[in-house]
>>> print(open('structure-v4.txt').read())   # compact mmCIF, C-alpha atoms (C1' of nucleotides)
# COMPACT_ATOMS: atom_id res chain seq x y z
CA MET L 1 81.67 -57.59 -18.05
CA SER L 2 83.29 -60.26 -15.90
CA ARG L 3 83.59 -63.94 -15.33
CA ARG L 4 83.25 -63.41 -11.60
CA PRO L 5 80.72 -60.67 -11.47
CA ALA L 6 79.84 -60.32 -7.82
CA SER L 7 82.62 -61.74 -5.67
CA PRO L 8 84.27 -58.96 -3.69
CA ASP L 9 86.95 -61.27 -2.36
CA ARG L 10 88.94 -61.56 -5.55
CA ASP L 11 92.71 -61.77 -5.52
CA ALA L 12 94.11 -58.59 -7.02
CA ASP L 13 96.78 -60.49 -8.94
CA ALA L 14 94.44 -63.02 -10.47
CA ASP L 15 92.58 -62.55 -13.72
CA ALA L 16 91.00 -59.20 -13.25
CA PRO L 17 87.81 -58.30 -15.04
CA GLY L 18 88.50 -56.26 -18.14
CA PHE L 19 86.90 -53.17 -16.74
CA GLU L 20 89.33 -53.00 -13.84
CA LEU L 21 91.74 -50.80 -15.78
CA PRO L 22 89.29 -48.03 -16.69
CA LEU L 23 87.59 -48.25 -13.32
CA ARG L 24 90.85 -47.90 -11.43
CA LEU L 25 91.86 -44.99 -13.65
CA PHE L 26 88.64 -43.30 -12.73
CA MET L 27 89.01 -44.16 -9.05
CA ALA L 28 92.48 -42.63 -9.03
CA PHE L 29 91.23 -39.50 -10.76
CA ARG L 30 88.36 -39.22 -8.36
CA ALA L 31 90.54 -39.79 -5.33
CA ILE L 32 92.85 -36.93 -6.35
CA ILE L 33 90.00 -34.59 -7.14
CA ASP L 34 88.11 -35.41 -3.94
CA GLU L 35 91.23 -34.94 -1.85
CA THR L 36 92.04 -31.66 -3.57
CA HIS L 37 88.60 -30.26 -2.94
CA ALA L 38 88.52 -31.47 0.63
CA ARG L 39 91.71 -29.51 1.29
CA LEU L 40 90.46 -26.52 -0.69
CA ALA L 41 87.29 -26.51 1.39
CA ALA L 42 89.42 -26.50 4.54
CA GLU L 43 91.36 -23.52 3.20
CA GLY L 44 88.40 -21.27 2.68
CA HIS L 45 86.94 -22.46 -0.62
CA PRO L 46 84.08 -24.76 0.36
CA ASP L 47 82.05 -23.90 -2.73
CA PHE L 48 84.77 -24.75 -5.20
CA ARG L 49 83.50 -27.63 -7.34
CA PRO L 50 85.52 -30.09 -9.40
CA MET L 51 84.25 -28.58 -12.62
CA HIS L 52 85.33 -25.08 -11.63
CA GLY L 53 88.99 -26.00 -11.91
CA PHE L 54 88.55 -26.75 -15.58
CA VAL L 55 86.62 -23.54 -16.10
CA PHE L 56 89.29 -21.48 -14.32
CA GLN L 57 91.95 -23.06 -16.45
CA ALA L 58 89.96 -22.27 -19.56
CA ILE L 59 89.47 -18.66 -18.49
CA GLY L 60 93.21 -18.21 -18.16
CA PRO L 61 95.07 -15.26 -16.69
CA HIS L 62 93.94 -12.79 -19.35
CA GLY L 63 90.23 -13.47 -19.30
CA THR L 64 87.90 -14.64 -22.03
CA THR L 65 84.37 -14.26 -23.22
CA ALA L 66 81.52 -16.65 -22.58
CA ALA L 67 81.39 -17.77 -26.19
CA ASP L 68 85.09 -18.52 -26.29
CA LEU L 69 84.87 -20.26 -22.95
CA GLY L 70 82.17 -22.47 -24.39
CA ARG L 71 84.39 -23.40 -27.32
CA ARG L 72 87.31 -24.24 -25.06
CA LEU L 73 85.19 -26.33 -22.73
CA GLY L 74 83.31 -28.02 -25.53
CA VAL L 75 79.90 -26.79 -24.44
CA SER L 76 77.46 -24.31 -25.89
CA LYS L 77 77.96 -20.62 -25.27
CA GLN L 78 74.68 -20.61 -23.34
CA ALA L 79 75.95 -23.26 -20.96
CA ALA L 80 79.20 -21.35 -20.53
CA GLY L 81 77.22 -18.20 -19.81
CA LYS L 82 75.27 -19.98 -17.09
CA THR L 83 78.46 -21.24 -15.50
CA VAL L 84 79.93 -17.75 -15.56
CA GLY L 85 76.83 -16.52 -13.78
CA VAL L 86 77.30 -19.10 -11.04
CA LEU L 87 81.00 -18.29 -10.60
CA GLU L 88 80.19 -14.60 -10.56
CA ARG L 89 77.68 -15.09 -7.75
CA LEU L 90 80.34 -17.07 -5.86
CA GLY L 91 82.77 -14.19 -6.24
CA TYR L 92 85.29 -16.12 -8.31
CA VAL L 93 85.00 -14.18 -11.56
CA GLU L 94 83.92 -10.73 -12.65
CA VAL L 95 82.48 -9.67 -15.95
CA GLY L 96 83.43 -6.40 -17.62
CA ALA L 97 82.80 -4.69 -20.91
CA ASP L 98 85.31 -4.88 -23.73
CA PRO L 99 86.13 -1.32 -24.84
CA ALA L 100 87.21 -2.58 -28.25
CA ASP L 101 84.06 -4.58 -28.99
CA ALA L 102 80.68 -3.67 -27.60
CA ARG L 103 79.35 -7.19 -28.13
CA ARG L 104 81.95 -8.91 -26.01
CA LYS L 105 81.92 -9.15 -22.21
CA VAL L 106 85.23 -10.19 -20.77
CA VAL L 107 85.23 -12.70 -17.93
CA ARG L 108 88.19 -12.41 -15.56
CA LEU L 109 89.22 -14.18 -12.36
CA THR L 110 88.88 -12.12 -9.21
CA SER L 111 91.63 -12.15 -6.58
CA ARG L 112 89.59 -14.80 -4.81
CA GLY L 113 89.54 -16.82 -8.00
CA ILE L 114 93.29 -16.46 -8.37
CA ASP L 115 93.72 -17.53 -4.76
CA ALA L 116 91.70 -20.68 -5.35
CA LEU L 117 93.70 -21.44 -8.48
CA ALA L 118 97.03 -20.98 -6.69
CA ARG L 119 95.93 -23.16 -3.78
CA SER L 120 94.70 -25.93 -6.04
CA ALA L 121 98.02 -25.83 -7.92
CA ARG L 122 99.89 -26.21 -4.64
CA ILE L 123 97.61 -29.03 -3.48
CA PHE L 124 98.02 -30.92 -6.75
CA GLU L 125 101.77 -30.75 -6.31
CA GLU L 126 101.45 -31.98 -2.74
CA ILE L 127 99.37 -34.94 -3.81
CA ARG L 128 101.81 -35.81 -6.55
CA THR L 129 104.58 -35.74 -3.94
CA GLU L 130 102.55 -38.14 -1.81
CA TRP L 131 102.26 -40.46 -4.80
CA ALA L 132 106.03 -40.26 -5.22
CA ASP L 133 106.48 -41.11 -1.54
CA THR L 134 104.28 -44.18 -1.93
CA LEU L 135 105.38 -45.49 -5.31
CA GLY L 136 108.91 -44.14 -5.45
CA THR L 137 110.02 -41.39 -7.77
CA ASP L 138 111.11 -43.68 -10.59
CA ARG L 139 107.91 -45.71 -10.54
CA LEU L 140 105.86 -42.52 -10.59
CA ARG L 141 107.88 -41.18 -13.53
CA ALA L 142 107.36 -44.42 -15.42
CA PHE L 143 103.68 -44.35 -14.55
CA GLU L 144 103.33 -40.82 -15.88
CA ALA L 145 105.30 -41.68 -18.99
CA ASP L 146 102.97 -44.61 -19.72
CA LEU L 147 100.00 -42.39 -19.09
CA ARG L 148 101.29 -39.87 -21.62
CA THR L 149 101.90 -42.65 -24.12
CA MET L 150 98.30 -43.79 -23.85
CA THR L 151 96.84 -40.26 -23.88
CA PRO L 152 98.85 -38.57 -26.60
CA GLY L 153 96.32 -35.78 -27.01
CA GLU L 154 96.82 -32.24 -25.93
CA LEU L 155 96.68 -31.73 -22.21
CA TRP L 156 94.79 -28.54 -22.87
CA ARG L 157 91.69 -30.16 -24.23
CA LEU L 158 89.51 -29.06 -21.37
CA ASP L 159 86.23 -30.32 -22.73
CA VAL L 160 85.55 -32.34 -19.64
CA PRO L 161 82.23 -30.79 -18.55
CA GLY L 162 79.28 -32.24 -20.32
CA TRP L 163 80.92 -35.60 -20.58
CA PHE L 164 79.20 -38.52 -18.87
CA ALA L 165 76.00 -37.88 -20.77
CA MET C 1 96.90 -24.21 -11.34
CA SER C 2 99.99 -23.74 -13.45
CA ARG C 3 102.97 -21.57 -14.10
CA ARG C 4 102.32 -21.73 -17.82
CA PRO C 5 98.58 -21.68 -17.97
CA ALA C 6 97.77 -21.22 -21.63
CA SER C 7 100.70 -22.31 -23.75
CA PRO C 8 99.77 -25.38 -25.74
CA ASP C 9 103.32 -25.86 -26.96
CA ARG C 10 104.75 -27.19 -23.76
CA ASP C 11 107.36 -29.91 -23.73
CA ALA C 12 105.88 -33.01 -22.15
CA ASP C 13 109.09 -33.77 -20.28
CA ALA C 14 109.49 -30.33 -18.77
CA ASP C 15 107.96 -29.26 -15.49
CA ALA C 16 104.39 -30.36 -15.93
CA PRO C 17 101.61 -28.50 -14.16
CA GLY C 18 100.43 -30.30 -11.07
CA PHE C 19 97.09 -31.11 -12.56
CA GLU C 20 98.61 -33.13 -15.38
CA LEU C 21 98.43 -36.37 -13.38
CA PRO C 22 94.70 -36.26 -12.57
CA LEU C 23 93.87 -34.87 -15.99
CA ARG C 24 95.76 -37.62 -17.79
CA LEU C 25 94.12 -40.23 -15.57
CA PHE C 26 90.78 -38.87 -16.61
CA MET C 27 91.78 -38.65 -20.28
CA ALA C 28 92.84 -42.29 -20.20
CA PHE C 29 89.60 -43.33 -18.56
CA ARG C 30 87.60 -41.33 -21.05
CA ALA C 31 89.54 -42.68 -24.00
CA ILE C 32 88.79 -46.27 -22.97
CA ILE C 33 85.14 -45.59 -22.30
CA ASP C 34 84.65 -43.66 -25.53
CA GLU C 35 86.35 -46.37 -27.54
CA THR C 36 84.31 -49.06 -25.85
CA HIS C 37 81.04 -47.36 -26.60
CA ALA C 38 82.03 -46.55 -30.15
CA ARG C 39 82.62 -50.26 -30.74
CA LEU C 40 79.46 -51.20 -28.85
CA ALA C 41 77.48 -48.81 -31.03
CA ALA C 42 78.95 -50.47 -34.10
CA GLU C 43 77.89 -53.87 -32.77
CA GLY C 44 74.23 -53.03 -32.36
CA HIS C 45 74.10 -51.13 -29.08
CA PRO C 46 74.05 -47.47 -30.10
CA ASP C 47 71.97 -46.46 -27.08
CA PHE C 48 74.29 -47.97 -24.53
CA ARG C 49 75.63 -45.12 -22.39
CA PRO C 50 78.72 -45.06 -20.20
CA MET C 51 76.64 -45.01 -17.07
CA HIS C 52 74.70 -48.11 -18.07
CA GLY C 53 77.75 -50.29 -17.66
CA PHE C 54 77.92 -49.42 -14.00
CA VAL C 55 74.21 -50.04 -13.59
CA PHE C 56 74.43 -53.42 -15.34
CA GLN C 57 77.30 -54.40 -13.11
CA ALA C 58 75.29 -53.38 -10.06
CA ILE C 59 72.27 -55.36 -11.21
CA GLY C 60 74.40 -58.48 -11.45
CA PRO C 61 73.43 -61.84 -12.89
CA HIS C 62 70.73 -62.57 -10.33
CA GLY C 63 68.84 -59.30 -10.48
CA THR C 64 68.08 -56.77 -7.78
CA THR C 65 65.46 -54.33 -6.72
CA ALA C 66 65.44 -50.62 -7.40
CA ALA C 67 66.06 -49.76 -3.75
CA ASP C 68 69.04 -52.07 -3.53
CA LEU C 69 70.33 -50.81 -6.84
CA GLY C 70 70.21 -47.30 -5.44
CA ARG C 71 72.24 -48.37 -2.42
CA ARG C 72 74.88 -50.05 -4.57
CA LEU C 73 75.16 -47.10 -6.92
CA GLY C 74 75.13 -44.53 -4.15
CA VAL C 75 72.00 -42.79 -5.37
CA SER C 76 68.47 -42.54 -4.05
CA LYS C 77 66.01 -45.32 -4.71
CA GLN C 78 63.95 -42.88 -6.76
CA ALA C 79 66.88 -42.13 -9.05
CA ALA C 80 67.56 -45.84 -9.40
CA GLY C 81 63.91 -46.39 -10.24
CA LYS C 82 64.07 -43.78 -12.99
CA THR C 83 67.18 -45.38 -14.46
CA VAL C 84 65.48 -48.76 -14.42
CA GLY C 85 62.59 -47.22 -16.31
CA VAL C 86 64.95 -45.91 -18.99
CA LEU C 87 66.75 -49.24 -19.34
CA GLU C 88 63.42 -51.06 -19.48
CA ARG C 89 62.26 -48.83 -22.33
CA LEU C 90 65.55 -49.57 -24.13
CA GLY C 91 64.95 -53.28 -23.71
CA TYR C 92 67.98 -53.93 -21.55
CA VAL C 93 66.20 -54.94 -18.34
CA GLU C 94 62.85 -56.36 -17.37
CA VAL C 95 60.99 -55.95 -14.13
CA GLY C 96 59.10 -58.77 -12.51
CA ALA C 97 57.28 -59.43 -9.27
CA ASP C 98 58.97 -61.21 -6.39
CA PRO C 99 56.78 -64.14 -5.34
CA ALA C 100 58.33 -64.11 -1.88
CA ASP C 101 57.73 -60.42 -1.15
CA ALA C 102 54.87 -58.51 -2.71
CA ARG C 103 56.61 -55.18 -2.15
CA ARG C 104 59.70 -56.00 -4.16
CA LYS C 105 60.00 -55.83 -7.93
CA VAL C 106 63.01 -57.67 -9.24
CA VAL C 107 65.03 -56.04 -12.02
CA ARG C 108 66.81 -58.50 -14.32
CA LEU C 109 68.91 -58.14 -17.43
CA THR C 110 67.22 -59.25 -20.64
CA SER C 111 69.11 -61.32 -23.17
CA ARG C 112 69.87 -58.06 -24.95
CA GLY C 113 71.28 -56.69 -21.72
CA ILE C 114 73.42 -59.78 -21.25
CA ASP C 115 74.61 -59.45 -24.83
CA ALA C 116 75.68 -55.85 -24.24
CA LEU C 117 77.45 -56.88 -21.06
CA ALA C 118 79.31 -59.73 -22.77
CA ARG C 119 80.33 -57.51 -25.66
CA SER C 120 81.60 -54.76 -23.38
CA ALA C 121 83.61 -57.33 -21.43
CA ARG C 122 85.20 -58.56 -24.65
CA ILE C 123 85.91 -55.01 -25.83
CA PHE C 124 87.51 -54.08 -22.51
CA GLU C 125 89.81 -57.06 -22.84
CA GLU C 126 90.65 -56.07 -26.40
CA ILE C 127 91.55 -52.56 -25.34
CA ARG C 128 93.70 -53.86 -22.51
CA THR C 129 95.51 -56.04 -25.03
CA GLU C 130 96.12 -52.97 -27.16
CA TRP C 131 97.60 -51.24 -24.14
CA ALA C 132 99.84 -54.24 -23.61
CA ASP C 133 100.92 -54.09 -27.27
CA THR C 134 101.84 -50.43 -26.89
CA LEU C 135 103.44 -50.41 -23.46
CA GLY C 136 104.66 -53.97 -23.25
CA THR C 137 103.18 -56.54 -20.92
CA ASP C 138 105.54 -55.88 -18.03
CA ARG C 139 105.07 -52.12 -18.16
CA LEU C 140 101.31 -52.59 -18.20
CA ARG C 141 101.48 -54.96 -15.24
CA ALA C 142 103.57 -52.45 -13.31
CA PHE C 143 101.18 -49.68 -14.30
CA GLU C 144 98.21 -51.65 -13.03
CA ALA C 145 100.03 -52.56 -9.84
CA ASP C 146 100.76 -48.90 -9.15
CA LEU C 147 97.17 -48.05 -9.91
CA ARG C 148 96.00 -50.63 -7.38
CA THR C 149 98.43 -49.27 -4.82
CA MET C 150 97.00 -45.78 -5.18
CA THR C 151 93.37 -46.93 -5.24
CA PRO C 152 93.27 -49.52 -2.50
CA GLY C 153 89.50 -49.37 -2.22
CA GLU C 154 87.12 -52.04 -3.32
CA LEU C 155 86.77 -52.31 -7.05
CA TRP C 156 83.10 -52.92 -6.49
CA ARG C 157 82.29 -49.51 -5.19
CA LEU C 158 80.12 -48.58 -8.12
CA ASP C 159 78.91 -45.25 -6.82
CA VAL C 160 80.15 -43.47 -9.91
CA PRO C 161 76.86 -41.97 -11.11
CA GLY C 162 76.03 -38.76 -9.39
CA TRP C 163 79.65 -37.86 -9.05
CA PHE C 164 80.81 -34.71 -10.85
CA ALA C 165 78.25 -32.64 -8.99
C1' DA I 1 48.32 -57.64 17.56
C1' DG I 2 50.55 -53.52 17.09
C1' DA I 3 54.72 -50.82 15.97
C1' DA I 4 58.51 -50.06 13.15
C1' DT I 5 60.77 -50.78 8.82
C1' DT I 6 61.06 -51.44 3.94
C1' DG I 7 59.86 -51.09 -1.18
C1' DG I 8 57.83 -48.61 -4.74
C1' DA I 9 55.59 -44.59 -6.67
C1' DC I 10 54.28 -39.71 -7.13
C1' DA I 11 55.27 -34.75 -7.04
C1' DA I 12 58.06 -30.82 -7.00
C1' DC I 13 62.40 -29.22 -7.52
C1' DC I 14 67.45 -28.51 -8.94
C1' DA I 15 71.71 -28.43 -11.77
C1' DA I 16 73.88 -28.51 -16.00
C1' DG I 17 73.46 -29.35 -20.21
C1' DT I 18 70.79 -28.80 -25.01
C1' DT I 19 68.47 -26.30 -29.31
C1' DG I 20 66.22 -22.40 -31.40
C1' DA I 21 65.43 -17.62 -31.83
C1' DC I 22 66.60 -12.82 -31.61
C1' DG I 23 68.68 -8.04 -31.31
C1' DA I 24 72.88 -5.53 -31.31
C1' DT I 25 77.42 -5.00 -32.94
C1' DA I 26 81.31 -5.91 -35.94
C1' DA I 27 83.57 -7.63 -40.11
C1' DC I 28 83.68 -8.59 -44.93
C1' DC I 29 83.45 -7.26 -49.54
C1' DG I 30 81.54 -5.73 -54.09
C1' DC V 1 79.94 3.41 -48.74
C1' DG V 2 76.52 0.17 -47.79
C1' DG V 3 74.53 -4.41 -47.71
C1' DT V 4 75.38 -9.11 -46.34
C1' DT V 5 77.25 -12.17 -43.18
C1' DA V 6 79.10 -13.62 -38.85
C1' DT V 7 79.61 -13.18 -33.86
C1' DC V 8 78.24 -12.07 -28.94
C1' DG V 9 75.15 -12.21 -25.40
C1' DT V 10 70.61 -13.41 -23.80
C1' DC V 11 65.97 -15.42 -23.39
C1' DA V 12 62.91 -19.37 -23.51
C1' DA V 13 61.69 -24.13 -23.57
C1' DC V 14 63.24 -28.65 -23.13
C1' DT V 15 66.13 -32.95 -21.52
C1' DT V 16 68.67 -35.81 -18.23
C1' DG V 17 69.77 -37.48 -14.03
C1' DG V 18 69.89 -36.37 -9.84
C1' DT V 19 67.46 -34.60 -5.15
C1' DT V 20 63.86 -34.37 -0.99
C1' DG V 21 59.41 -35.14 0.89
C1' DT V 22 55.23 -37.71 1.19
C1' DC V 23 52.44 -41.62 0.97
C1' DC V 24 50.61 -46.45 0.94
C1' DA V 25 51.09 -51.29 0.92
C1' DA V 26 53.60 -55.15 2.60
C1' DT V 27 56.79 -57.27 5.67
C1' DT V 28 59.23 -57.86 9.97
C1' DC V 29 60.07 -57.24 14.78
C1' DT V 30 58.76 -57.50 19.69
>>> encode(input="structure-v4.txt", output="structure tokens")
Amino acid sequence: MSRRPASPDRDADADAPGFELPLRLFMAFRAIIDETHARLAAEGHPDFRPMHGFVFQAIGPHGTTAADLGRRLGVSKQAAGKTVGVLERLGYVEVGADPADARRKVVRLTSRGIDALARSARIFEEIRTEWADTLGTDRLRAFEADLRTMTPGELWRLDVPGWFA
Amino acid sequence: MSRRPASPDRDADADAPGFELPLRLFMAFRAIIDETHARLAAEGHPDFRPMHGFVFQAIGPHGTTAADLGRRLGVSKQAAGKTVGVLERLGYVEVGADPADARRKVVRLTSRGIDALARSARIFEEIRTEWADTLGTDRLRAFEADLRTMTPGELWRLDVPGWFA
DNA sequence: AGAATTGGACAACCAAGTTGACGATAACCG
DNA sequence: CGGTTATCGTCAACTTGGTTGTCCAATTCT
């Protein structure tokens, strides 16, 4: 992957190995997620896992079913059902019957789930503000614009779980 | 996480939800990795998985042992040993005795492993060139500089496996 | 020499996915 | 209307990639 495979003392401006770009993208993503969940843990949500944010987003404010959740997350309905079971045991979601369709069971966020979602939204904004403080607002805007250029897809493709396989 | 949680028709320039930044970072990372492995598969390495790149990098050109590999990757020596077993069965690494220490078994890349590594390096460079074609060289340089600013850590922290847990 | 550390392997387990099957309910349509 | 088809939830068995704990052999430390 690199012409200088094991020297940690490389100059950052010199010829970087080709995998620096994806690796740094991942490091940045991970840094934000880790920081978010550290703060969430300090605010009363120690069991909130990185994946849960995606699931909460996919559930949405009106609730869904396990099968639909699976479609949105890009996993099987069985896997989605298991995840719902975990989140239910953690008190983040509740499952109720659908009066209009006896097959469906509607998954909804509990007030605790909504609290976690609101806090994570606030924390994400805080972290973005910290990025703006470090880079400058215009640099951050340009950075985000470039990022959108290179990832033209829908932001709402939430099929993140199950990746890395 | 958002004031407009389920509307896919949002304007990209309007008030983005706070999680857009981390999500786009991840999408960009994933796009590069997926593209890399699609091309690798087309060039004779269909079994090469995203995680293997990190492992190969951690093995390095001189080889390592399973225990050391585990330390570099941030996983247990047992997990590293299992991964070595998988890569050995795929023909990417070979395990030999260490004449200087009868406990150690040295893991080395085979020629096939080196081939995969060289190809992935070339593909990463190609993709970076495509980014430069799209964004312009100066924008890409600025983008990478900002990325380094926000991820000051060592590039060589390869403890990516086992994350997302 | 004897004690402490290290490397590798085995077992049992866990978490989060997968596929396949199945019964109950709903929707489609001739 | 009724039969076929599709969907929802669930169960079971399996896969992958981790974990911890235990153990022995080999090396290193004092």
>>> closest_atom_pairs(input="structure-v4.txt", of="chain L", to="chain V", cutoff="10 Å", atoms="all atoms listed in the file", output="JSON lines")
{"residue": "L:Thr65", "atom": "CA", "partner": "V:DC8", "partner_atom": "C1'", "distance": 8.7}
{"residue": "L:Ala66", "atom": "CA", "partner": "V:DG9", "partner_atom": "C1'", "distance": 8.3}
{"residue": "L:Ala67", "atom": "CA", "partner": "V:DC8", "partner_atom": "C1'", "distance": 7.1}
{"residue": "L:Asp68", "atom": "CA", "partner": "V:DC8", "partner_atom": "C1'", "distance": 9.8}
{"residue": "L:Lys77", "atom": "CA", "partner": "V:DG9", "partner_atom": "C1'", "distance": 8.9}
{"residue": "L:Gln78", "atom": "CA", "partner": "V:DT10", "partner_atom": "C1'", "distance": 8.3}
{"residue": "L:Gly81", "atom": "CA", "partner": "V:DG9", "partner_atom": "C1'", "distance": 8.5}
{"residue": "L:Asp101", "atom": "CA", "partner": "V:DC8", "partner_atom": "C1'", "distance": 9.5}
{"residue": "L:Ala102", "atom": "CA", "partner": "V:DC8", "partner_atom": "C1'", "distance": 8.8}
{"residue": "L:Arg103", "atom": "CA", "partner": "V:DC8", "partner_atom": "C1'", "distance": 5.1}
{"residue": "L:Arg104", "atom": "CA", "partner": "V:DC8", "partner_atom": "C1'", "distance": 5.7}
{"residue": "L:Lys105", "atom": "CA", "partner": "V:DG9", "partner_atom": "C1'", "distance": 8.1}
{"residue": "L:Ala165", "atom": "CA", "partner": "V:DT16", "partner_atom": "C1'", "distance": 8.0}
>>> interface_residues(input="structure-v4.txt", of="chain C", to="chain L", cutoff="6 Å", atoms="only C-alpha atoms", output="number ranges by chain")
C: 1, 18-19, 22, 25-26, 28-29, 117-118, 121, 124-125, 143, 151
>>> closest_residue(input="structure-v4.txt", among="C:Val55, C:Ala80, C:Ala132, C:Leu90", to="chain I", atoms="only C-alpha atoms (C1' of nucleotides)")
C:Ala80
>>> closest_atom_pairs(input="structure-v4.txt", of="chain I", to="chain L", cutoff="12 Å", atoms="all atoms listed in the file", output="tab-separated table")
residue	atom	partner	partner_atom	distance
I:DA15	C1'	L:Thr83	CA	10.5
I:DA16	C1'	L:Ala79	CA	7.5
I:DG17	C1'	L:Gly162	CA	6.5
I:DT18	C1'	L:Ser76	CA	8.1
I:DT19	C1'	L:Ser76	CA	9.8
I:DG20	C1'	L:Gln78	CA	11.8
I:DG23	C1'	L:Arg103	CA	11.2
I:DA24	C1'	L:Arg103	CA	7.4
I:DT25	C1'	L:Arg103	CA	5.6
I:DA26	C1'	L:Asp101	CA	7.6
I:DA27	C1'	L:Asp101	CA	11.5
>>> atom_distance(input="structure-v4.txt", atom1="atom CA of C:Glu94", atom2="atom C1' of I:DG8")
15.6 Å
>>> atom_distance(input="structure-v4.txt", atom1="atom CA of L:Arg71", atom2="atom CA of L:Asp98")
18.9 Å
>>> atom_distance(input="structure-v4.txt", atom1="atom CA of C:Leu109", atom2="atom CA of C:Tyr92")
6.0 Å
>>> decode(input="structure-v4.txt", residues="stretch 10-69 of chain C", atoms="C-alpha atoms", output="tab-separated table (two decimals), in the first residue's frame")
chain	number	residue	atom	x	y	z
C	10	ARG	CA	-33.92	18.35	1.58
C	11	ASP	CA	-31.86	21.06	-0.04
C	12	ALA	CA	-28.20	20.29	0.49
C	13	ASP	CA	-27.38	23.94	1.14
C	14	ALA	CA	-30.07	24.49	3.75
C	15	ASP	CA	-29.61	23.84	7.44
C	16	ALA	CA	-28.14	20.38	7.42
C	17	PRO	CA	-28.74	18.06	10.34
C	18	GLY	CA	-25.77	17.90	12.67
C	19	PHE	CA	-24.98	14.35	11.78
C	20	GLU	CA	-24.40	15.19	8.12
C	21	LEU	CA	-20.69	15.80	8.69
C	22	PRO	CA	-19.86	12.44	10.29
C	23	LEU	CA	-22.21	10.60	7.97
C	24	ARG	CA	-20.66	12.12	4.85
C	25	LEU	CA	-17.19	11.34	6.19
C	26	PHE	CA	-18.23	7.76	6.54
C	27	MET	CA	-19.92	7.70	3.13
C	28	ALA	CA	-16.74	9.01	1.54
C	29	PHE	CA	-14.63	6.42	3.33
C	30	ARG	CA	-17.01	3.68	2.34
C	31	ALA	CA	-17.17	4.83	-1.26
C	32	ILE	CA	-13.38	4.66	-1.57
C	33	ILE	CA	-13.13	1.28	0.12
C	34	ASP	CA	-15.97	-0.21	-1.91
C	35	GLU	CA	-14.50	1.07	-5.14
C	36	THR	CA	-11.07	-0.23	-4.22
C	37	HIS	CA	-12.34	-3.69	-3.49
C	38	ALA	CA	-14.53	-3.78	-6.57
C	39	ARG	CA	-11.43	-3.10	-8.68
C	40	LEU	CA	-9.35	-5.55	-6.65
C	41	ALA	CA	-11.98	-8.22	-7.22
C	42	ALA	CA	-11.81	-7.52	-10.94
C	43	GLU	CA	-8.03	-7.93	-10.84
C	44	GLY	CA	-8.03	-11.39	-9.32
C	45	HIS	CA	-8.57	-10.75	-5.62
C	46	PRO	CA	-12.29	-11.35	-5.09
C	47	ASP	CA	-11.78	-12.59	-1.53
C	48	PHE	CA	-9.87	-9.56	-0.37
C	49	ARG	CA	-11.95	-7.90	2.35
C	50	PRO	CA	-11.76	-4.33	3.64
C	51	MET	CA	-10.32	-5.47	6.92
C	52	HIS	CA	-7.51	-7.38	5.26
C	53	GLY	CA	-5.88	-4.18	4.08
C	54	PHE	CA	-5.39	-3.09	7.65
C	55	VAL	CA	-4.04	-6.48	8.61
C	56	PHE	CA	-1.61	-6.51	5.68
C	57	GLN	CA	-0.40	-3.07	6.64
C	58	ALA	CA	0.10	-4.23	10.21
C	59	ILE	CA	2.03	-7.30	9.10
C	60	GLY	CA	4.43	-5.10	7.18
C	61	PRO	CA	7.17	-6.17	4.80
C	62	HIS	CA	9.22	-8.01	7.41
C	63	GLY	CA	6.50	-10.11	8.98
C	64	THR	CA	5.27	-10.28	12.54
C	65	THR	CA	3.86	-12.68	15.04
C	66	ALA	CA	0.22	-13.16	15.88
C	67	ALA	CA	0.62	-11.63	19.33
C	68	ASP	CA	2.32	-8.54	17.96
C	69	LEU	CA	-0.25	-8.30	15.21
